[in-house]
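Q: Take this structure, written in structure tokens, and hold onto it; I'll ask about it next.
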Amino acid sequence: MQVTLMKGKIHRAHVTEADLHYEGSISIDRNLIEAAGFLINERVDIYNIDTGARFSTYVIEAPAGSGIIGLNGAAARLVMAGDKVIIVAYAGFDADEARKFHPRIVMVDDKNRQIAKTGASSAKAFAEA
């Protein structure tokens with residue numbers, strides 16, 4: 001049996017830009033992509049804390065250290081700069097893997113700088129997930 005668990009999360013990130021005319025996706029600071037264990041083009045769910053909107057898109061890279069969290073294309077209609085969002089990726093596991101797995105949870109400040117991280121500490125743990 002397969003179960004779906006949260007693989008990684010960026011918690012309470014601040015949207016820095018929303019570009020309706022850009023190809024759809026979410027631009028995420030490279031440092032946060034790595035900290036959360038996301039992959040480029042990976043599907044993520046976005047939960048807008050301010051409006052309650054919930055939607056999916058895929059990850060594209062913004063420059064490391066930029067603090068960018070940008071929603072593009074149709075997703076730009078569901079956020080405004082300044083909104084707080086939760087960005088989550090999920091993965092499938094068999095029951096034994098699921099009992100041992102620990103997701104990466106990245107907390108950020110109001111400039112989208114990492115202030116805390118919990119969960120798996122190595123890329124190997126996510127490569128095996």
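By convention here, the chains of the structure tokens are called A, B, ... in the order presented, each chain's residues are numbered starting at 1, and ligands are numbered starting at 1 in the order presented.
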Apply DSSP to the backbone of this structure and, from chain A, keep only the residues in alpha helix (DSSP H); write these as a list in words.

A: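 Filtering chain A down to alpha helix (DSSP H) leaves Arg30, Asn31, Leu32, Ile33, Glu34, Ala35, Ala36, Ala95, Asp96, Glu97, Ala98, Arg99, Lys100, Ala123, Lys124, Ala125, Phe126 and Ala127 of chain A.
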
Q: What lies within 9 Å of A:Ile86 using only C-alpha atoms, ignoring chain neighbours under 5 positions off, as a PyMOL selection string?

A: chain A and resi 9-13+45-49

Q: For stretch 100-104 of chain A, list every protein, DNA or RNA residue within 8 Å, evaluated using only C-alpha atoms, and leave out those in the same chain fewer than 3 positions away; present the list as a PyMOL selection string.

A: chain A and resi 6-9+35-37+96-97+117-121+129

Q: Looking at A:Leu20, A:Ile60, A:Val44, A:Gln2, which one is nearest to A:Phe93, with distances taken over only C-alpha atoms?

A: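 Going through A:Leu20, A:Ile60, A:Val44, A:Gln2 one by one, the smallest distance to A:Phe93 is for A:Gln2.
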
Q: Could you give me, as an MDAnalysis selection string, each residue of stretch 67-120 of chain A that DSSP assigns to strand (DSSP E) when run on this structure's backbone?

A: chainID A and resid 69:72 84:94 104:108 114:118

Q: For stretch 71-77 of chain A, list every protein, DNA or RNA residue within 7 Å, evaluated using only C-alpha atoms, and leave out those in the same chain fewer than 2 positions away; present the list as a list in words.

A: Glu17, Ala18, Asp19, Leu20, His21, Tyr22, Glu23, Gly24, Ser25, Ile26, Ser27, Ile69 and Val79 of chain A

Q: Between A:Gln114, A:Thr51, A:Asn31, A:Thr4, which one has atoms that come closest to A:Ala89, using only C-alpha atoms?

A: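 Result for the nearest residue to A:Ala89: A:Thr4.
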
Q: May I have the residues within 8 Å of A:His14 as a PyMOL selection string, using only C-alpha atoms and disregarding those fewer than 5 positions away in the same chain?

A: chain A and resi 69+81-85+110-112

Q: Which polymer residues have any atom within 9 Å of an atom of A:Ile40, counting only C-alpha atoms, with same-chain residues fewer than 6 positions away left out, as a short mmCIF file (atom, residue, chain, number, x, y, z; two decimals) with N, CA, C and O atoms, in the first residue's frame?

A:
data_model
loop_
_atom_site.label_atom_id
_atom_site.label_comp_id
_atom_site.auth_asym_id
_atom_site.auth_seq_id
_atom_site.Cartn_x
_atom_site.Cartn_y
_atom_site.Cartn_z
N ILE A 33 14.47 26.48 -2.02
CA ILE A 33 14.21 25.23 -2.76
C ILE A 33 15.05 24.11 -2.16
O ILE A 33 14.54 23.01 -1.87
N TYR A 58 3.99 24.52 -10.27
CA TYR A 58 5.28 23.84 -10.25
C TYR A 58 6.39 24.83 -9.95
O TYR A 58 6.25 26.03 -10.16
N VAL A 59 7.49 24.31 -9.44
CA VAL A 59 8.61 25.12 -8.96
C VAL A 59 9.55 25.54 -10.09
O VAL A 59 9.94 24.70 -10.90
N ILE A 60 9.89 26.83 -10.11
CA ILE A 60 11.01 27.30 -10.92
C ILE A 60 11.95 28.06 -10.00
O ILE A 60 11.55 28.54 -8.93
N GLU A 61 13.20 28.16 -10.40
CA GLU A 61 14.24 28.73 -9.56
C GLU A 61 14.33 30.25 -9.69
O GLU A 61 14.36 30.78 -10.79
#

Q: Atom CA of A:Ile105 to atom CA of A:Arg30: how many Å, to one decimal?

A: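 For atom CA of A:Ile105 relative to atom CA of A:Arg30, the distance reads 15.5 Å.
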